[in-house]
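Chemist: So here's run.csv (CSV, N, CA and C atoms).
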```csv
chain,number,residue,atom,x,y,z
R,1,MET,N,56.5,4.1,-17.0
R,1,MET,CA,55.3,3.6,-17.6
R,1,MET,C,55.3,2.1,-17.7
R,2,GLN,N,56.5,1.6,-18.1
R,2,GLN,CA,56.6,0.1,-18.2
R,2,GLN,C,56.5,-0.6,-16.9
R,3,LYS,N,57.0,0.1,-15.9
R,3,LYS,CA,57.0,-0.4,-14.5
R,3,LYS,C,55.5,-0.5,-14.0
R,4,GLU,N,54.7,0.5,-14.3
R,4,GLU,CA,53.3,0.5,-14.0
R,4,GLU,C,52.6,-0.6,-14.7
R,5,ILE,N,52.9,-0.8,-16.0
R,5,ILE,CA,52.3,-1.8,-16.8
R,5,ILE,C,52.6,-3.2,-16.2
R,6,GLN,N,53.8,-3.4,-15.8
R,6,GLN,CA,54.2,-4.7,-15.2
R,6,GLN,C,53.5,-4.9,-13.9
R,7,GLU,N,53.3,-3.9,-13.1
R,7,GLU,CA,52.6,-4.0,-11.8
R,7,GLU,C,51.2,-4.4,-12.0
R,8,LEU,N,50.6,-3.7,-13.0
R,8,LEU,CA,49.2,-4.0,-13.3
R,8,LEU,C,49.0,-5.4,-13.9
R,9,LYS,N,49.9,-5.9,-14.7
R,9,LYS,CA,49.8,-7.2,-15.2
R,9,LYS,C,49.9,-8.2,-14.1
R,10,LYS,N,50.9,-8.0,-13.2
R,10,LYS,CA,51.1,-8.8,-12.0
R,10,LYS,C,49.8,-8.9,-11.2
R,11,GLU,N,49.2,-7.7,-10.9
R,11,GLU,CA,48.0,-7.6,-10.2
R,11,GLU,C,46.8,-8.4,-10.9
R,12,CYS,N,46.7,-8.2,-12.2
R,12,CYS,CA,45.7,-8.9,-12.9
R,12,CYS,C,45.9,-10.4,-12.9
R,13,ALA,N,47.1,-10.8,-13.0
R,13,ALA,CA,47.4,-12.3,-12.9
R,13,ALA,C,47.0,-12.8,-11.5
R,14,GLY,N,47.2,-12.0,-10.5
R,14,GLY,CA,46.8,-12.5,-9.1
R,14,GLY,C,45.3,-12.6,-9.0
R,15,TYR,N,44.6,-11.6,-9.6
R,15,TYR,CA,43.1,-11.7,-9.6
R,15,TYR,C,42.6,-12.8,-10.4
R,16,THR,N,43.2,-13.1,-11.6
R,16,THR,CA,42.8,-14.2,-12.4
R,16,THR,C,43.0,-15.5,-11.7
R,17,GLU,N,44.1,-15.7,-11.0
R,17,GLU,CA,44.4,-16.9,-10.2
R,17,GLU,C,43.3,-17.0,-9.1
R,18,ARG,N,43.0,-15.9,-8.4
R,18,ARG,CA,42.0,-16.0,-7.4
R,18,ARG,C,40.7,-16.4,-7.9
R,19,LEU,N,40.3,-15.8,-9.1
R,19,LEU,CA,39.0,-16.1,-9.7
R,19,LEU,C,39.0,-17.6,-10.1
R,20,LYS,N,40.1,-18.1,-10.6
R,20,LYS,CA,40.2,-19.5,-11.0
R,20,LYS,C,39.9,-20.4,-9.8
R,21,ASN,N,40.5,-20.0,-8.7
R,21,ASN,CA,40.4,-20.8,-7.5
R,21,ASN,C,38.9,-20.8,-7.0
R,22,ILE,N,38.3,-19.6,-7.1
R,22,ILE,CA,36.9,-19.5,-6.6
R,22,ILE,C,36.0,-20.4,-7.5
R,23,ARG,N,36.2,-20.3,-8.8
R,23,ARG,CA,35.4,-21.1,-9.8
R,23,ARG,C,35.6,-22.6,-9.6
R,24,ALA,N,36.8,-23.0,-9.2
R,24,ALA,CA,37.1,-24.4,-9.1
R,24,ALA,C,36.5,-25.0,-7.9
R,25,ALA,N,36.2,-24.2,-6.8
R,25,ALA,CA,35.6,-24.7,-5.6
R,25,ALA,C,34.1,-25.0,-5.9
R,26,THR,N,33.7,-26.2,-5.8
R,26,THR,CA,32.3,-26.5,-6.1
R,26,THR,C,31.4,-26.4,-4.9
R,27,ASN,N,31.9,-26.5,-3.7
R,27,ASN,CA,31.1,-26.4,-2.5
R,27,ASN,C,31.8,-25.5,-1.5
R,28,HIS,N,31.2,-24.3,-1.4
R,28,HIS,CA,31.8,-23.4,-0.4
R,28,HIS,C,31.3,-23.6,1.0
R,29,VAL,N,30.2,-24.2,1.1
R,29,VAL,CA,29.5,-24.4,2.4
R,29,VAL,C,29.3,-25.9,2.6
R,30,THR,N,29.7,-26.4,3.8
R,30,THR,CA,29.5,-27.8,4.0
R,30,THR,C,28.0,-28.1,4.3
R,31,PRO,N,27.5,-29.3,4.0
R,31,PRO,CA,26.1,-29.6,4.2
R,31,PRO,C,25.7,-29.4,5.7
R,32,GLU,N,26.6,-29.7,6.6
R,32,GLU,CA,26.3,-29.5,8.1
R,32,GLU,C,26.1,-28.0,8.4
R,33,GLU,N,26.9,-27.1,7.8
R,33,GLU,CA,26.7,-25.7,8.0
R,33,GLU,C,25.4,-25.2,7.5
R,34,LYS,N,25.1,-25.7,6.3
R,34,LYS,CA,23.8,-25.3,5.6
R,34,LYS,C,22.6,-25.8,6.5
R,35,GLU,N,22.7,-27.0,7.0
R,35,GLU,CA,21.6,-27.5,7.8
R,35,GLU,C,21.4,-26.7,9.1
R,36,GLN,N,22.6,-26.3,9.7
R,36,GLN,CA,22.5,-25.5,10.9
R,36,GLN,C,21.9,-24.2,10.6
R,37,VAL,N,22.3,-23.5,9.6
R,37,VAL,CA,21.7,-22.2,9.2
R,37,VAL,C,20.2,-22.4,9.0
R,38,ASP,N,19.8,-23.4,8.3
R,38,ASP,CA,18.4,-23.6,8.0
R,38,ASP,C,17.6,-23.8,9.3
R,39,ARG,N,18.2,-24.6,10.2
R,39,ARG,CA,17.5,-24.9,11.5
R,39,ARG,C,17.3,-23.6,12.3
R,40,GLU,N,18.4,-22.8,12.3
R,40,GLU,CA,18.3,-21.5,13.0
R,40,GLU,C,17.3,-20.6,12.4
R,41,ARG,N,17.3,-20.5,11.1
R,41,ARG,CA,16.3,-19.7,10.4
R,41,ARG,C,14.9,-20.1,10.7
R,42,GLN,N,14.6,-21.4,10.7
R,42,GLN,CA,13.3,-21.9,11.0
R,42,GLN,C,12.9,-21.6,12.4
R,43,LYS,N,13.9,-21.7,13.3
R,43,LYS,CA,13.6,-21.4,14.7
R,43,LYS,C,13.2,-19.9,14.9
R,44,TYR,N,14.0,-19.0,14.3
R,44,TYR,CA,13.7,-17.6,14.4
R,44,TYR,C,12.5,-17.2,13.7
R,45,CYS,N,12.1,-17.8,12.6
R,45,CYS,CA,10.9,-17.5,11.9
R,45,CYS,C,9.7,-17.9,12.7
R,46,LYS,N,9.8,-19.1,13.3
R,46,LYS,CA,8.8,-19.6,14.2
R,46,LYS,C,8.5,-18.6,15.4
R,47,GLU,N,9.6,-18.1,16.0
R,47,GLU,CA,9.4,-17.2,17.1
R,47,GLU,C,8.8,-15.9,16.6
R,48,TRP,N,9.3,-15.4,15.4
R,48,TRP,CA,8.7,-14.2,14.9
R,48,TRP,C,7.2,-14.3,14.6
R,49,ARG,N,6.8,-15.5,14.1
R,49,ARG,CA,5.4,-15.7,13.8
R,49,ARG,C,4.6,-15.7,15.1
R,50,LYS,N,5.1,-16.3,16.2
R,50,LYS,CA,4.5,-16.3,17.5
R,50,LYS,C,4.3,-14.8,18.0
R,51,ARG,N,5.3,-14.0,17.9
R,51,ARG,CA,5.3,-12.7,18.4
R,51,ARG,C,4.3,-11.8,17.6
R,52,LYS,N,4.3,-12.0,16.2
R,52,LYS,CA,3.4,-11.3,15.4
R,52,LYS,C,2.0,-11.7,15.7
R,53,ARG,N,1.7,-12.9,15.9
R,53,ARG,CA,0.3,-13.4,16.2
R,53,ARG,C,-0.1,-12.8,17.5
R,54,MET,N,0.8,-12.8,18.5
R,54,MET,CA,0.4,-12.2,19.8
R,54,MET,C,0.1,-10.7,19.7
R,55,ALA,N,0.9,-10.0,18.9
R,55,ALA,CA,0.7,-8.6,18.7
R,55,ALA,C,-0.6,-8.3,18.0
R,56,THR,N,-0.9,-9.1,17.0
R,56,THR,CA,-2.1,-9.0,16.2
R,56,THR,C,-3.3,-9.2,17.1
R,57,GLU,N,-3.2,-10.3,18.0
R,57,GLU,CA,-4.4,-10.6,18.9
R,57,GLU,C,-4.5,-9.4,19.9
R,58,LEU,N,-3.4,-8.9,20.3
R,58,LEU,CA,-3.5,-7.8,21.3
R,58,LEU,C,-4.2,-6.5,20.6
R,59,CYS,N,-3.7,-6.2,19.4
R,59,CYS,CA,-4.3,-5.1,18.7
R,59,CYS,C,-5.8,-5.3,18.5
R,60,ASP,N,-6.2,-6.5,18.1
R,60,ASP,CA,-7.6,-6.8,17.8
R,60,ASP,C,-8.4,-6.6,19.1
R,61,ALA,N,-7.8,-7.1,20.2
R,61,ALA,CA,-8.6,-7.0,21.5
R,61,ALA,C,-8.8,-5.5,21.8
R,62,ILE,N,-7.7,-4.7,21.6
R,62,ILE,CA,-7.8,-3.2,21.9
R,62,ILE,C,-8.8,-2.6,21.0
R,63,LEU,N,-8.8,-3.0,19.7
R,63,LEU,CA,-9.7,-2.3,18.7
R,63,LEU,C,-11.2,-2.7,18.9
R,64,GLU,N,-11.5,-3.8,19.6
R,64,GLU,CA,-12.9,-4.1,19.8
R,64,GLU,C,-13.7,-3.0,20.4
R,65,GLY,N,-13.1,-2.3,21.3
R,65,GLY,CA,-13.8,-1.2,22.0
R,65,GLY,C,-13.4,0.2,21.5
R,66,TYR,N,-12.6,0.2,20.4
R,66,TYR,CA,-12.1,1.5,19.9
R,66,TYR,C,-13.1,2.1,18.9
R,67,PRO,N,-13.5,3.3,19.0
R,67,PRO,CA,-14.6,3.8,18.2
R,67,PRO,C,-14.2,4.1,16.7
R,68,LYS,N,-12.9,4.2,16.5
R,68,LYS,CA,-12.4,4.6,15.1
R,68,LYS,C,-11.9,3.3,14.4
R,69,SER,N,-11.4,3.6,13.2
R,69,SER,CA,-10.9,2.4,12.4
R,69,SER,C,-9.5,2.0,12.9
R,70,LYS,N,-9.0,0.9,12.4
R,70,LYS,CA,-7.7,0.4,12.8
R,70,LYS,C,-6.6,1.3,12.4
R,71,LYS,N,-6.8,1.8,11.1
R,71,LYS,CA,-5.8,2.7,10.6
R,71,LYS,C,-5.7,4.0,11.4
R,72,GLN,N,-6.8,4.5,11.8
R,72,GLN,CA,-6.8,5.7,12.6
R,72,GLN,C,-6.2,5.5,14.0
R,73,PHE,N,-6.4,4.3,14.5
R,73,PHE,CA,-5.8,3.9,15.8
R,73,PHE,C,-4.3,4.0,15.7
R,74,PHE,N,-3.7,3.4,14.7
R,74,PHE,CA,-2.3,3.3,14.6
R,74,PHE,C,-1.7,4.7,14.2
R,75,VAL,N,-2.4,5.4,13.4
R,75,VAL,CA,-1.9,6.7,13.0
R,75,VAL,C,-2.0,7.8,14.1
R,76,SER,N,-2.9,7.6,15.0
R,76,SER,CA,-3.1,8.5,16.1
R,76,SER,C,-1.9,8.6,17.0
R,77,GLY,N,-1.0,7.7,16.9
R,77,GLY,CA,0.2,7.7,17.7
R,77,GLY,C,-0.2,7.2,19.1
R,78,SER,N,-0.9,6.1,19.2
R,78,SER,CA,-1.3,5.5,20.4
R,78,SER,C,-0.2,5.4,21.4
R,79,PRO,N,-0.4,6.0,22.6
R,79,PRO,CA,0.6,5.9,23.7
R,79,PRO,C,0.9,4.5,24.1
R,80,PHE,N,0.0,3.5,23.8
R,80,PHE,CA,0.3,2.1,24.2
R,80,PHE,C,1.4,1.6,23.4
R,81,PHE,N,1.5,1.9,22.1
R,81,PHE,CA,2.6,1.3,21.3
R,81,PHE,C,3.9,2.1,21.2
R,82,ALA,N,3.9,3.3,21.7
R,82,ALA,CA,5.1,4.1,21.7
R,82,ALA,C,6.3,3.5,22.4
R,83,PRO,N,6.1,3.0,23.7
R,83,PRO,CA,7.2,2.4,24.4
R,83,PRO,C,7.7,1.0,23.7
R,84,LEU,N,6.8,0.4,23.0
R,84,LEU,CA,7.1,-0.9,22.3
R,84,LEU,C,7.9,-0.7,21.1
R,85,GLY,N,8.0,0.5,20.6
R,85,GLY,CA,8.7,0.8,19.3
R,85,GLY,C,7.9,0.4,18.1
R,86,PHE,N,6.6,0.3,18.3
R,86,PHE,CA,5.7,-0.1,17.1
R,86,PHE,C,5.5,1.0,16.2
R,87,HIS,N,5.7,0.8,14.9
R,87,HIS,CA,5.6,1.8,13.9
R,87,HIS,C,4.4,1.4,12.9
R,88,PRO,N,3.5,2.3,12.7
R,88,PRO,CA,2.4,1.9,11.8
R,88,PRO,C,2.9,1.7,10.4
R,89,GLY,N,2.3,0.7,9.8
R,89,GLY,CA,2.6,0.4,8.4
R,89,GLY,C,3.7,-0.7,8.3
R,90,ARG,N,4.3,-1.0,9.4
R,90,ARG,CA,5.4,-2.0,9.3
R,90,ARG,C,4.9,-3.3,10.0
R,91,SER,N,5.3,-4.5,9.4
R,91,SER,CA,4.9,-5.7,10.0
R,91,SER,C,6.0,-6.3,10.9
```
What would you get if you wrote out this structure as structure tokens?
Modeler:
Amino acid sequence: MQKEIQELKKECAGYTERLKNIRAATNHVTPEEKEQVDRERQKYCKEWRKRKRMATELCDAILEGYPKSKKQFFVSGSPFFAPLGFHPGRS
């Protein structure tokens, strides 16, 4: 029992030291890394917006001559969108 208590105290001391080191670190990410991540995020968001706009324009063009509502078009399981992996209700 005493041996287990000593092991647990030793383990606890290790965790306490680790927590102290984590709290002492004021900057875990360098400004260069942060800027790089921000640039990449902006790039990918820009590409996503382009793709979403193209898909929306394509859907609108198809729906111009479609006799039913937009919702019915997507729910009907249009064969046009099946190979693209398009799922109704998801943006």
Chemist: Quick one, how far is atom N of Phe73 of chain R from atom C of Cys59 of chain R?
Modeler: 10.4 Å
Chemist: How would you write, as a PyMOL selection string, the set of residues in chain R that DSSP gives as alpha helix (DSSP H)?
Modeler: chain R and resi 2-24+31-64+70-75
Chemist: Between atom C of Glu47 of chain R and atom C of Glu35 of chain R, what is the distance, to one decimal in Å?
Modeler: 18.2 Å
Chemist: Please indicate the distance in Å from atom C of Thr16 of chain R to atom C of Gln2 of chain R, rounded to one decimal place.
Modeler: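 Result for atom C of Thr16 of chain R versus atom C of Gln2 of chain R: 20.8 Å, one decimal.
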Chemist: Will you model N, CA, C and O atoms for segment 21-37 of chain R and pass it back as a PDB file, in the frame of the given file?
Modeler:
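This went into result_30.pdb:
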```
ATOM      1  N   ASN R  21      40.500 -20.000  -8.700  1.00  0.00           N
ATOM      2  CA  ASN R  21      40.400 -20.800  -7.500  1.00  0.00           C
ATOM      3  C   ASN R  21      38.900 -20.800  -7.000  1.00  0.00           C
ATOM      4  O   ASN R  21      38.395 -21.820  -6.515  1.00  0.00           O
ATOM      5  N   ILE R  22      38.300 -19.600  -7.100  1.00  0.00           N
ATOM      6  CA  ILE R  22      36.900 -19.500  -6.600  1.00  0.00           C
ATOM      7  C   ILE R  22      36.000 -20.400  -7.500  1.00  0.00           C
ATOM      8  O   ILE R  22      35.095 -21.051  -7.054  1.00  0.00           O
ATOM      9  N   ARG R  23      36.200 -20.300  -8.800  1.00  0.00           N
ATOM     10  CA  ARG R  23      35.400 -21.100  -9.800  1.00  0.00           C
ATOM     11  C   ARG R  23      35.600 -22.600  -9.600  1.00  0.00           C
ATOM     12  O   ARG R  23      34.722 -23.352  -9.848  1.00  0.00           O
ATOM     13  N   ALA R  24      36.800 -23.000  -9.200  1.00  0.00           N
ATOM     14  CA  ALA R  24      37.100 -24.400  -9.100  1.00  0.00           C
ATOM     15  C   ALA R  24      36.500 -25.000  -7.900  1.00  0.00           C
ATOM     16  O   ALA R  24      36.139 -26.176  -7.866  1.00  0.00           O
ATOM     17  N   ALA R  25      36.200 -24.200  -6.800  1.00  0.00           N
ATOM     18  CA  ALA R  25      35.600 -24.700  -5.600  1.00  0.00           C
ATOM     19  C   ALA R  25      34.100 -25.000  -5.900  1.00  0.00           C
ATOM     20  O   ALA R  25      33.385 -24.057  -6.326  1.00  0.00           O
ATOM     21  N   THR R  26      33.700 -26.200  -5.800  1.00  0.00           N
ATOM     22  CA  THR R  26      32.300 -26.500  -6.100  1.00  0.00           C
ATOM     23  C   THR R  26      31.400 -26.400  -4.900  1.00  0.00           C
ATOM     24  O   THR R  26      30.225 -26.082  -5.075  1.00  0.00           O
ATOM     25  N   ASN R  27      31.900 -26.500  -3.700  1.00  0.00           N
ATOM     26  CA  ASN R  27      31.100 -26.400  -2.500  1.00  0.00           C
ATOM     27  C   ASN R  27      31.800 -25.500  -1.500  1.00  0.00           C
ATOM     28  O   ASN R  27      32.699 -25.904  -0.840  1.00  0.00           O
ATOM     29  N   HIS R  28      31.200 -24.300  -1.400  1.00  0.00           N
ATOM     30  CA  HIS R  28      31.800 -23.400  -0.400  1.00  0.00           C
ATOM     31  C   HIS R  28      31.300 -23.600   1.000  1.00  0.00           C
ATOM     32  O   HIS R  28      31.941 -23.165   1.959  1.00  0.00           O
ATOM     33  N   VAL R  29      30.200 -24.200   1.100  1.00  0.00           N
ATOM     34  CA  VAL R  29      29.500 -24.400   2.400  1.00  0.00           C
ATOM     35  C   VAL R  29      29.300 -25.900   2.600  1.00  0.00           C
ATOM     36  O   VAL R  29      28.754 -26.535   1.716  1.00  0.00           O
ATOM     37  N   THR R  30      29.700 -26.400   3.800  1.00  0.00           N
ATOM     38  CA  THR R  30      29.500 -27.800   4.000  1.00  0.00           C
ATOM     39  C   THR R  30      28.000 -28.100   4.300  1.00  0.00           C
ATOM     40  O   THR R  30      27.261 -27.164   4.717  1.00  0.00           O
ATOM     41  N   PRO R  31      27.500 -29.300   4.000  1.00  0.00           N
ATOM     42  CA  PRO R  31      26.100 -29.600   4.200  1.00  0.00           C
ATOM     43  C   PRO R  31      25.700 -29.400   5.700  1.00  0.00           C
ATOM     44  O   PRO R  31      24.588 -28.982   5.991  1.00  0.00           O
ATOM     45  N   GLU R  32      26.600 -29.700   6.600  1.00  0.00           N
ATOM     46  CA  GLU R  32      26.300 -29.500   8.100  1.00  0.00           C
ATOM     47  C   GLU R  32      26.100 -28.000   8.400  1.00  0.00           C
ATOM     48  O   GLU R  32      25.146 -27.665   9.112  1.00  0.00           O
ATOM     49  N   GLU R  33      26.900 -27.100   7.800  1.00  0.00           N
ATOM     50  CA  GLU R  33      26.700 -25.700   8.000  1.00  0.00           C
ATOM     51  C   GLU R  33      25.400 -25.200   7.500  1.00  0.00           C
ATOM     52  O   GLU R  33      24.697 -24.429   8.072  1.00  0.00           O
ATOM     53  N   LYS R  34      25.100 -25.700   6.300  1.00  0.00           N
ATOM     54  CA  LYS R  34      23.800 -25.300   5.600  1.00  0.00           C
ATOM     55  C   LYS R  34      22.600 -25.800   6.500  1.00  0.00           C
ATOM     56  O   LYS R  34      21.681 -25.020   6.667  1.00  0.00           O
ATOM     57  N   GLU R  35      22.700 -27.000   7.000  1.00  0.00           N
ATOM     58  CA  GLU R  35      21.600 -27.500   7.800  1.00  0.00           C
ATOM     59  C   GLU R  35      21.400 -26.700   9.100  1.00  0.00           C
ATOM     60  O   GLU R  35      20.331 -26.394   9.508  1.00  0.00           O
ATOM     61  N   GLN R  36      22.600 -26.300   9.700  1.00  0.00           N
ATOM     62  CA  GLN R  36      22.500 -25.500  10.900  1.00  0.00           C
ATOM     63  C   GLN R  36      21.900 -24.200  10.600  1.00  0.00           C
ATOM     64  O   GLN R  36      21.051 -23.722  11.419  1.00  0.00           O
ATOM     65  N   VAL R  37      22.300 -23.500   9.600  1.00  0.00           N
ATOM     66  CA  VAL R  37      21.700 -22.200   9.200  1.00  0.00           C
ATOM     67  C   VAL R  37      20.200 -22.400   9.000  1.00  0.00           C
ATOM     68  O   VAL R  37      19.424 -21.529   9.399  1.00  0.00           O
TER      69      VAL R  37
END
```
